[in-house]
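Below is query_32.txt, which holds compact mmCIF, C-alpha atoms.
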# COMPACT_ATOMS: atom_id res chain seq x y z
CA MET A 1 -32.82 74.39 27.83
CA TRP A 2 -32.42 74.43 31.58
CA GLY A 3 -35.81 75.95 32.30
CA VAL A 4 -36.91 73.92 35.32
CA ILE A 5 -38.64 75.75 38.15
CA LEU A 6 -38.36 73.26 41.02
CA LEU A 7 -34.91 73.22 42.59
CA VAL A 8 -33.47 70.59 44.89
CA VAL A 9 -30.54 72.05 46.80
CA ILE A 10 -28.14 69.57 48.29
CA GLY A 11 -25.01 69.78 50.35
CA ILE A 12 -25.79 73.05 52.15
CA ALA A 13 -26.41 71.58 55.58
CA SER A 14 -23.70 70.43 57.92
CA ALA A 15 -23.90 67.09 59.61
CA GLN A 16 -23.01 68.92 62.82
CA ASP A 17 -25.87 71.44 62.53
CA GLU A 18 -28.55 69.02 63.65
CA ASP A 19 -29.33 65.35 64.08
CA CYS A 20 -29.27 64.40 60.40
CA THR A 21 -28.03 61.63 58.19
CA CYS A 22 -27.02 61.45 54.53
CA THR A 23 -29.88 60.05 52.50
CA PRO A 24 -31.06 60.19 48.87
CA TYR A 25 -32.46 63.66 48.26
CA TYR A 26 -35.85 62.36 47.14
CA LEU A 27 -36.41 60.73 50.53
CA CYS A 28 -35.73 63.95 52.43
CA LYS A 29 -39.26 65.32 52.33
CA LYS A 30 -41.84 66.26 54.86
CA PRO A 31 -44.86 63.92 54.70
CA GLU A 32 -47.03 66.54 53.02
CA GLU A 33 -44.47 67.19 50.29
CA ASN A 34 -44.25 65.41 46.97
CA ALA A 35 -41.23 63.13 47.14
CA SER A 36 -41.19 62.12 43.50
CA GLY A 37 -37.62 63.31 43.14
CA GLU A 38 -38.23 65.92 40.45
CA GLY A 39 -35.79 68.80 40.51
CA VAL A 40 -32.38 70.06 39.50
CA ILE A 41 -29.11 68.84 40.98
CA ASP A 42 -25.65 70.29 40.41
CA ILE A 43 -23.30 67.34 40.00
CA ARG A 44 -20.36 69.48 41.09
CA VAL A 45 -21.75 70.74 44.41
CA GLN A 46 -19.60 69.48 47.25
CA GLY A 47 -21.34 69.00 50.60
CA PRO A 48 -21.11 66.91 53.76
CA CYS A 49 -22.36 63.79 52.00
CA GLU A 50 -20.21 61.56 49.84
CA SER A 51 -22.66 61.57 46.94
CA TYR A 52 -24.05 64.71 45.32
CA LEU A 53 -27.37 62.84 45.11
CA ASP A 54 -27.54 62.64 48.90
CA THR A 55 -28.42 65.39 51.34
CA CYS A 56 -27.94 65.69 55.08
CA CYS A 57 -31.54 65.14 56.09
CA PRO A 58 -33.17 65.50 59.55
CA ARG A 59 -33.86 61.96 60.66
CA SER A 60 -37.39 62.87 61.64
CA ILE A 61 -38.51 63.36 58.03
CA ILE A 62 -36.64 60.60 56.21
CA GLY A 63 -39.09 58.23 54.63
CA THR A 64 -40.49 56.75 51.49
CA PRO A 65 -42.14 58.88 48.79
CA THR A 66 -45.72 59.70 49.75
CA THR A 67 -46.82 59.70 46.12
CA PRO A 68 -46.10 56.30 44.55
CA ARG A 69 -44.57 56.51 41.10
CA PRO A 70 -46.97 55.26 38.42
CA ALA A 71 -46.05 51.94 36.84
CA PHE A 72 -43.82 52.50 33.82
CA LYS A 73 -45.34 51.88 30.42
CA SER A 74 -43.06 51.99 27.41
CA SER A 75 -44.34 54.13 24.55
CA GLY A 76 -42.18 52.47 21.94
CA CYS A 77 -38.52 52.29 21.05
CA GLY A 78 -36.02 55.11 20.87
CA HIS A 79 -37.42 57.63 23.33
CA ARG A 80 -34.62 59.80 24.66
CA ASN A 81 -35.18 61.50 28.02
CA THR A 82 -33.63 64.79 26.94
CA ASN A 83 -34.42 66.48 30.25
CA GLY A 84 -33.49 63.49 32.37
CA PHE A 85 -35.83 61.29 34.36
CA GLU A 86 -36.96 62.19 37.91
CA PHE A 87 -34.34 64.96 38.08
CA ARG A 88 -32.06 67.08 35.92
CA ILE A 89 -28.40 67.79 36.38
CA THR A 90 -26.48 71.03 36.00
CA GLY A 91 -22.71 71.40 36.10
CA ALA A 92 -22.33 68.98 33.18
CA LEU A 93 -19.10 70.51 31.94
CA ASP A 94 -17.72 67.35 30.33
CA ASN A 95 -20.64 66.14 28.22
CA GLU A 96 -22.25 64.13 31.02
CA ALA A 97 -25.58 62.63 29.99
CA GLN A 98 -28.72 63.28 31.99
CA PHE A 99 -29.91 60.47 34.23
CA ALA A 100 -31.74 57.95 31.99
CA GLU A 101 -31.28 60.22 28.96
CA PHE A 102 -30.34 57.18 26.84
CA PRO A 103 -32.27 54.36 28.55
CA TRP A 104 -31.14 51.73 26.04
CA MET A 105 -27.49 52.08 27.08
CA VAL A 106 -26.04 48.85 28.48
CA ALA A 107 -22.75 48.18 30.26
CA LEU A 108 -21.23 44.78 29.57
CA LEU A 109 -19.31 43.32 32.49
CA LYS A 110 -16.89 40.41 32.57
CA GLU A 111 -16.40 38.10 35.51
CA GLU A 112 -12.82 36.99 36.12
CA THR A 113 -11.23 34.80 38.78
CA LEU A 114 -7.81 35.97 39.85
CA GLU A 115 -5.84 34.27 42.62
CA GLY A 116 -8.96 32.68 44.01
CA SER A 117 -11.08 35.83 44.08
CA THR A 118 -13.79 36.91 41.63
CA LYS A 119 -13.46 40.30 39.99
CA ILE A 120 -16.02 42.10 37.84
CA THR A 121 -14.55 44.39 35.17
CA TYR A 122 -16.08 46.69 32.55
CA GLN A 123 -15.84 45.09 29.12
CA CYS A 124 -17.76 47.19 26.58
CA GLY A 125 -20.92 49.09 25.81
CA GLY A 126 -24.08 47.81 24.19
CA ALA A 127 -27.67 48.75 23.41
CA LEU A 128 -30.92 47.11 24.45
CA ILE A 129 -33.10 46.19 21.45
CA HIS A 130 -35.42 43.80 23.31
CA PRO A 131 -35.81 43.10 27.04
CA ARG A 132 -33.75 39.93 26.43
CA MET A 133 -31.38 41.03 23.66
CA VAL A 134 -28.37 43.36 23.61
CA LEU A 135 -26.67 44.59 20.43
CA THR A 136 -22.91 45.11 20.70
CA ALA A 137 -19.65 44.78 18.78
CA ALA A 138 -18.29 41.34 17.94
CA HIS A 139 -14.77 42.37 18.97
CA CYS A 140 -16.05 42.88 22.53
CA VAL A 141 -17.33 39.34 23.04
CA ASN A 142 -15.68 37.15 20.43
CA ASN A 143 -14.40 33.89 21.97
CA LEU A 144 -15.89 34.75 25.37
CA SER A 145 -18.12 32.26 27.17
CA PRO A 146 -21.56 33.65 28.08
CA THR A 147 -21.00 32.33 31.59
CA VAL A 148 -18.53 35.16 32.31
CA LEU A 149 -20.67 37.99 30.92
CA TRP A 150 -23.26 40.21 32.60
CA ALA A 151 -25.38 42.97 31.10
CA GLN A 152 -26.18 45.97 33.26
CA ALA A 153 -28.97 48.33 32.25
CA GLY A 154 -30.08 51.57 33.84
CA GLU A 155 -26.54 52.48 34.93
CA TRP A 156 -25.53 56.15 34.93
CA ASP A 157 -23.08 57.11 37.68
CA THR A 158 -20.94 54.05 38.36
CA GLN A 159 -19.84 55.35 41.76
CA THR A 160 -23.22 55.78 43.45
CA LYS A 161 -26.36 53.81 44.19
CA SER A 162 -28.40 56.89 45.13
CA GLU A 163 -30.22 57.29 41.83
CA PRO A 164 -34.03 57.20 42.18
CA LEU A 165 -34.23 54.12 39.94
CA PRO A 166 -31.94 51.12 40.42
CA THR A 167 -29.70 49.50 37.86
CA GLN A 168 -30.57 45.99 36.71
CA GLU A 169 -28.15 43.14 36.01
CA LYS A 170 -28.76 40.02 33.95
CA ARG A 171 -26.56 37.09 33.07
CA VAL A 172 -25.80 36.51 29.41
CA GLY A 173 -27.13 33.17 28.25
CA LYS A 174 -25.86 33.12 24.67
CA VAL A 175 -23.28 35.01 22.60
CA ILE A 176 -24.14 35.32 18.90
CA VAL A 177 -21.25 36.66 16.81
CA HIS A 178 -21.83 37.43 13.14
CA ARG A 179 -20.62 34.51 11.04
CA ASP A 180 -18.49 36.80 8.83
CA PHE A 181 -16.79 38.73 11.62
CA ALA A 182 -13.09 39.19 10.84
CA PRO A 183 -11.11 39.77 14.06
CA ASP A 184 -8.05 41.20 12.28
CA SER A 185 -9.89 43.82 10.23
CA LEU A 186 -13.08 44.09 12.36
CA TYR A 187 -15.23 43.63 9.25
CA ASN A 188 -18.84 42.77 10.19
CA ASP A 189 -18.22 43.81 13.79
CA VAL A 190 -21.64 42.96 15.21
CA ALA A 191 -22.89 40.57 17.89
CA LEU A 192 -26.02 39.87 19.89
CA LEU A 193 -26.26 38.79 23.52
CA LEU A 194 -29.29 36.74 24.53
CA LEU A 195 -29.96 37.22 28.24
CA GLU A 196 -31.03 34.44 30.57
CA SER A 197 -34.01 36.55 31.68
CA PRO A 198 -35.53 39.82 30.48
CA PHE A 199 -34.90 43.26 31.86
CA THR A 200 -37.91 45.02 33.36
CA LEU A 201 -38.54 48.12 31.27
CA ASP A 202 -38.56 51.30 33.34
CA GLY A 203 -37.77 54.99 33.06
CA ASN A 204 -34.06 54.21 32.94
CA VAL A 205 -34.28 50.91 31.03
CA ASP A 206 -35.88 50.87 27.58
CA VAL A 207 -35.13 49.81 24.00
CA VAL A 208 -33.67 51.66 21.03
CA CYS A 209 -35.07 51.53 17.50
CA LEU A 210 -33.20 49.90 14.61
CA PRO A 211 -33.12 51.31 11.08
CA PRO A 212 -34.53 49.69 7.98
CA LYS A 213 -32.07 47.90 5.73
CA GLU A 214 -29.68 50.20 3.81
CA GLN A 215 -30.80 53.43 5.49
CA VAL A 216 -28.23 56.20 5.10
CA PHE A 217 -27.66 58.81 7.81
CA ASP A 218 -25.35 61.26 6.00
CA GLY A 219 -25.74 64.76 7.42
CA SER A 220 -27.56 63.66 10.59
CA ARG A 221 -26.43 64.94 13.98
CA CYS A 222 -26.12 61.83 16.11
CA PHE A 223 -25.03 60.83 19.61
CA ALA A 224 -22.52 58.28 20.84
CA THR A 225 -22.54 57.30 24.52
CA GLY A 226 -20.25 55.41 26.85
CA TRP A 227 -17.98 55.32 29.89
CA GLY A 228 -14.80 55.14 27.81
CA LYS A 229 -11.53 56.97 28.31
CA ASP A 230 -11.31 60.76 28.02
CA VAL A 231 -8.05 60.60 26.02
CA PHE A 232 -6.22 57.88 24.13
CA GLY A 233 -3.52 55.80 25.81
CA LYS A 234 -2.35 55.12 29.33
CA GLN A 235 -3.08 58.68 30.44
CA GLY A 236 -6.78 58.28 29.69
CA LYS A 237 -9.26 57.70 32.50
CA TYR A 238 -12.52 55.81 32.31
CA GLN A 239 -15.56 57.97 33.02
CA VAL A 240 -17.68 57.79 36.16
CA ILE A 241 -20.87 59.33 34.75
CA LEU A 242 -22.17 58.23 31.35
CA LYS A 243 -20.92 60.63 28.68
CA LYS A 244 -22.57 61.69 25.44
CA VAL A 245 -20.98 63.25 22.39
CA GLU A 246 -22.84 64.78 19.47
CA LEU A 247 -21.32 63.77 16.14
CA PRO A 248 -22.14 64.34 12.48
CA ALA A 249 -22.65 61.27 10.30
CA VAL A 250 -19.94 61.54 7.62
CA PRO A 251 -20.56 60.44 4.01
CA ARG A 252 -18.57 57.38 2.98
CA ALA A 253 -16.42 59.07 0.29
CA GLU A 254 -15.46 61.93 2.58
CA CYS A 255 -14.66 59.56 5.44
CA MET A 256 -12.45 57.38 3.27
CA GLU A 257 -10.56 60.41 1.96
CA ARG A 258 -9.89 61.65 5.52
CA LEU A 259 -8.84 58.21 6.73
CA ARG A 260 -6.32 58.01 3.86
CA ARG A 261 -4.52 61.03 5.36
CA THR A 262 -3.66 58.90 8.38
CA ARG A 263 -1.24 55.98 8.75
CA LEU A 264 -3.78 53.85 6.85
CA GLY A 265 -2.37 55.33 3.64
CA LYS A 266 -3.70 56.58 0.34
CA HIS A 267 -4.91 53.17 -0.88
CA PHE A 268 -7.14 52.40 2.10
CA ILE A 269 -10.63 51.15 1.22
CA LEU A 270 -13.40 51.43 3.82
CA HIS A 271 -15.29 48.14 4.04
CA GLU A 272 -19.02 48.25 3.35
CA SER A 273 -19.78 47.03 6.87
CA PHE A 274 -18.65 50.38 8.30
CA ILE A 275 -20.05 53.89 8.51
CA CYS A 276 -18.36 56.99 9.88
CA ALA A 277 -19.20 59.78 12.30
CA GLY A 278 -17.31 62.58 13.96
CA GLY A 279 -14.19 64.31 12.70
CA GLU A 280 -14.80 67.40 14.84
CA ARG A 281 -11.80 68.10 17.07
CA GLY A 282 -12.47 67.38 20.74
CA ARG A 283 -15.57 65.29 19.99
CA ASP A 284 -15.07 61.56 19.65
CA THR A 285 -15.52 58.12 21.14
CA CYS A 286 -12.42 56.52 22.64
CA GLN A 287 -11.02 53.40 24.29
CA GLY A 288 -13.67 51.60 26.32
CA ASP A 289 -16.53 52.92 24.21
CA GLY A 290 -16.39 49.88 21.92
CA GLY A 291 -19.72 48.17 21.36
CA GLY A 292 -21.66 51.25 22.37
CA PRO A 293 -24.40 52.72 20.20
CA LEU A 294 -24.34 55.61 17.75
CA VAL A 295 -27.92 56.85 17.58
CA CYS A 296 -29.50 59.33 15.19
CA PRO A 297 -32.94 60.98 15.28
CA LEU A 298 -35.78 59.45 13.30
CA ALA A 299 -36.51 61.37 10.11
CA HIS A 300 -40.20 61.78 11.01
CA ASP A 301 -39.77 62.29 14.78
CA SER A 302 -36.63 64.03 16.05
CA SER A 303 -37.47 63.15 19.67
CA ARG A 304 -36.92 59.45 18.98
CA TYR A 305 -33.68 57.72 18.05
CA VAL A 306 -32.56 54.84 15.87
CA GLN A 307 -29.23 53.04 16.21
CA ALA A 308 -27.15 53.78 13.15
CA GLY A 309 -23.84 52.35 14.31
CA ILE A 310 -21.84 50.35 16.85
CA VAL A 311 -18.52 51.80 18.05
CA ALA A 312 -15.84 49.76 16.24
CA TRP A 313 -12.49 51.54 15.80
CA GLY A 314 -10.73 54.82 15.17
CA ILE A 315 -7.36 56.48 14.65
CA GLY A 316 -6.61 58.09 18.00
CA CYS A 317 -9.30 60.04 19.87
CA GLY A 318 -10.67 63.54 19.62
CA ASP A 319 -8.88 64.78 16.50
CA ASP A 320 -10.33 65.67 13.09
CA THR A 321 -10.44 62.07 11.80
CA PRO A 322 -13.91 60.47 11.87
CA GLY A 323 -14.52 57.41 14.02
CA VAL A 324 -15.62 54.15 12.42
CA TYR A 325 -18.78 52.26 13.38
CA ALA A 326 -20.39 48.99 12.36
CA ASN A 327 -23.24 49.75 9.97
CA VAL A 328 -26.36 48.53 11.78
CA ALA A 329 -28.67 48.98 8.78
CA LEU A 330 -26.54 46.54 6.79
CA PHE A 331 -27.13 43.87 9.42
CA LYS A 332 -30.85 44.42 9.91
CA ASP A 333 -31.83 41.19 8.12
CA TRP A 334 -29.30 39.20 10.15
CA ILE A 335 -30.60 40.69 13.41
CA ASP A 336 -34.18 39.88 12.42
CA GLU A 337 -33.16 36.30 11.62
CA GLN A 338 -31.48 35.84 14.99
CA MET A 339 -34.48 37.26 16.81
CA LEU A 340 -36.79 34.84 15.01
CA TYR A 341 -34.47 31.89 15.67
CA ASN A 342 -34.48 32.69 19.40
CA ASN A 343 -38.28 33.17 19.51
CA LEU A 344 -38.14 36.90 20.21
CA GLU A 345 -40.34 39.60 18.69
CA SER A 346 -38.57 42.09 16.42
CA ALA A 347 -41.42 44.58 16.85
CA THR A 348 -39.72 45.94 19.98
CA TYR A 349 -37.17 47.86 17.89
CA SER A 350 -39.46 48.88 15.03
CA PRO A 351 -40.17 52.66 15.01
Go ahead and render the structure in this file as structure tokens.
Amino acid sequence: MWGVILLVVIGIASAQDEDCTCTPYYLCKKPEENASGEGVIDIRVQGPCESYLDTCCPRSIIGTPTTPRPAFKSSGCGHRNTNGFEFRITGALDNEAQFAEFPWMVALLKEETLEGSTKITYQCGGALIHPRMVLTAAHCVNNLSPTVLWAQAGEWDTQTKSEPLPTQEKRVGKVIVHRDFAPDSLYNDVALLLLESPFTLDGNVDVVCLPPKEQVFDGSRCFATGWGKDVFGKQGKYQVILKKVELPAVPRAECMERLRRTRLGKHFILHESFICAGGERGRDTCQGDGGGPLVCPLAHDSSRYVQAGIVAWGIGCGDDTPGVYANVALFKDWIDEQMLYNNLESATYSP
């Protein structure tokens, strides 16, 4: 799986060894070398530079890539960059995703004014289904004005700007919450965010596919992604690098039976607007992952992914109880209607 020949070694030089400066690794190339940024980087190597994506580079060779990167052309929805984009990481001991592995992943940010100063906070996850439309959970944005919301695409490591491709931010122009959303029970927990302007599709920013109405994913091995907490409660910490967790899609009857073993009780009925995934100890979504996508491979092409669910709720984190997700297939007609109403093409998310 890690069979990459070209190796980029960072952090082995000392800033005192020569006249050098910390710079993104892909700009530390001699003019005759390819500076495309391809290589392998260990995210846990500690060197003289603050970011593992930077290297202490002789100032005489710092420059721009000599081989311009070809203009990005999307080849359709749902393409996962399994091996990363531009580089690959090693040292991913905590389920860190590769850079741009899930290019449809969106971070939703909320703008708040506190004591006269503006603060931007992480609100929820989401998925890009069109350059101007984000799919998320209704509980993340219900009763929020679009004027306080931003969508950020292409994000990976929230603590560095040294990635070879930049993140993009767009203001939300319209919040569309499903008309039957029930805040108390989270039934019909789906919402769309219409952006003021479109994202530019790139290697780290692309769209996910949506399933046909009533598609069932039982037995599929799927992925949930997000920057949510590592454990439930106050002790949990939000993640710096985007995490991924592989989860099995759990049949409805089995999920309901396992949920009845919890504080929900033996008479609990799982609403039709939900599906389940997970139930493997140590593998789960958690606080802060709400609104993020659960994606499963297409039946006819396992290299491409379709969004089966939206992170909704769960009982704790990381135990043997499945997590609960909004059932995207159930809302396919509603999504199509909203796209048409807002003059957007639904073909972007069609496999």
Original post:
Got a sec: who's within 8 Å of Ser51 of chain A, counting only C-alpha atoms, leaving out chain neighbours fewer than 3 positions off, as a PyMOL selection string?
Top reply: chain A and resi 54+160+162
**OP:** Grab the atom CA of Ser74 of chain A to atom CA of Trp104 of chain A distance for me, in Å with one decimal place.
**Re:** 12.0 Å
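Minimum atom-to-atom distances from A:Pro248, A:Gly265, A:Gly63, A:Gly278 to Asp319 of chain A were compared using all atoms listed in the file, and the lowest value belongs to A:Gly278.
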Original post:
Which residues come within 7 Å of segment 291-296 of chain A, counting only C-alpha atoms, excluding same-chain residues fewer than 3 positions away, as a PyMOL selection string?
Top reply: chain A and resi 124-127+136-137+140+220-226+305-312
Dump as a PDB file, keeping the file's coordinate frame, selection limited to C-alpha atoms:
ATOM      1  CA  CYS A 124     -17.760  47.190  26.580  1.00  0.00           C
ATOM      2  CA  GLY A 125     -20.920  49.090  25.810  1.00  0.00           C
ATOM      3  CA  GLY A 126     -24.080  47.810  24.190  1.00  0.00           C
ATOM      4  CA  ALA A 127     -27.670  48.750  23.410  1.00  0.00           C
ATOM      5  CA  THR A 136     -22.910  45.110  20.700  1.00  0.00           C
ATOM      6  CA  ALA A 137     -19.650  44.780  18.780  1.00  0.00           C
ATOM      7  CA  CYS A 140     -16.050  42.880  22.530  1.00  0.00           C
ATOM      8  CA  SER A 220     -27.560  63.660  10.590  1.00  0.00           C
ATOM      9  CA  ARG A 221     -26.430  64.940  13.980  1.00  0.00           C
ATOM     10  CA  CYS A 222     -26.120  61.830  16.110  1.00  0.00           C
ATOM     11  CA  PHE A 223     -25.030  60.830  19.610  1.00  0.00           C
ATOM     12  CA  ALA A 224     -22.520  58.280  20.840  1.00  0.00           C
ATOM     13  CA  THR A 225     -22.540  57.300  24.520  1.00  0.00           C
ATOM     14  CA  GLY A 226     -20.250  55.410  26.850  1.00  0.00           C
ATOM     15  CA  TYR A 305     -33.680  57.720  18.050  1.00  0.00           C
ATOM     16  CA  VAL A 306     -32.560  54.840  15.870  1.00  0.00           C
ATOM     17  CA  GLN A 307     -29.230  53.040  16.210  1.00  0.00           C
ATOM     18  CA  ALA A 308     -27.150  53.780  13.150  1.00  0.00           C
ATOM     19  CA  GLY A 309     -23.840  52.350  14.310  1.00  0.00           C
ATOM     20  CA  ILE A 310     -21.840  50.350  16.850  1.00  0.00           C
ATOM     21  CA  VAL A 311     -18.520  51.800  18.050  1.00  0.00           C
ATOM     22  CA  ALA A 312     -15.840  49.760  16.240  1.00  0.00           C
TER      23      ALA A 312
END
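Comparing the minimum interatomic distances between Ile315 of chain A and each of A:Ile41, A:Leu135, A:Leu264, A:Ala100, counting only C-alpha atoms, we find that A:Leu264 sits nearest.
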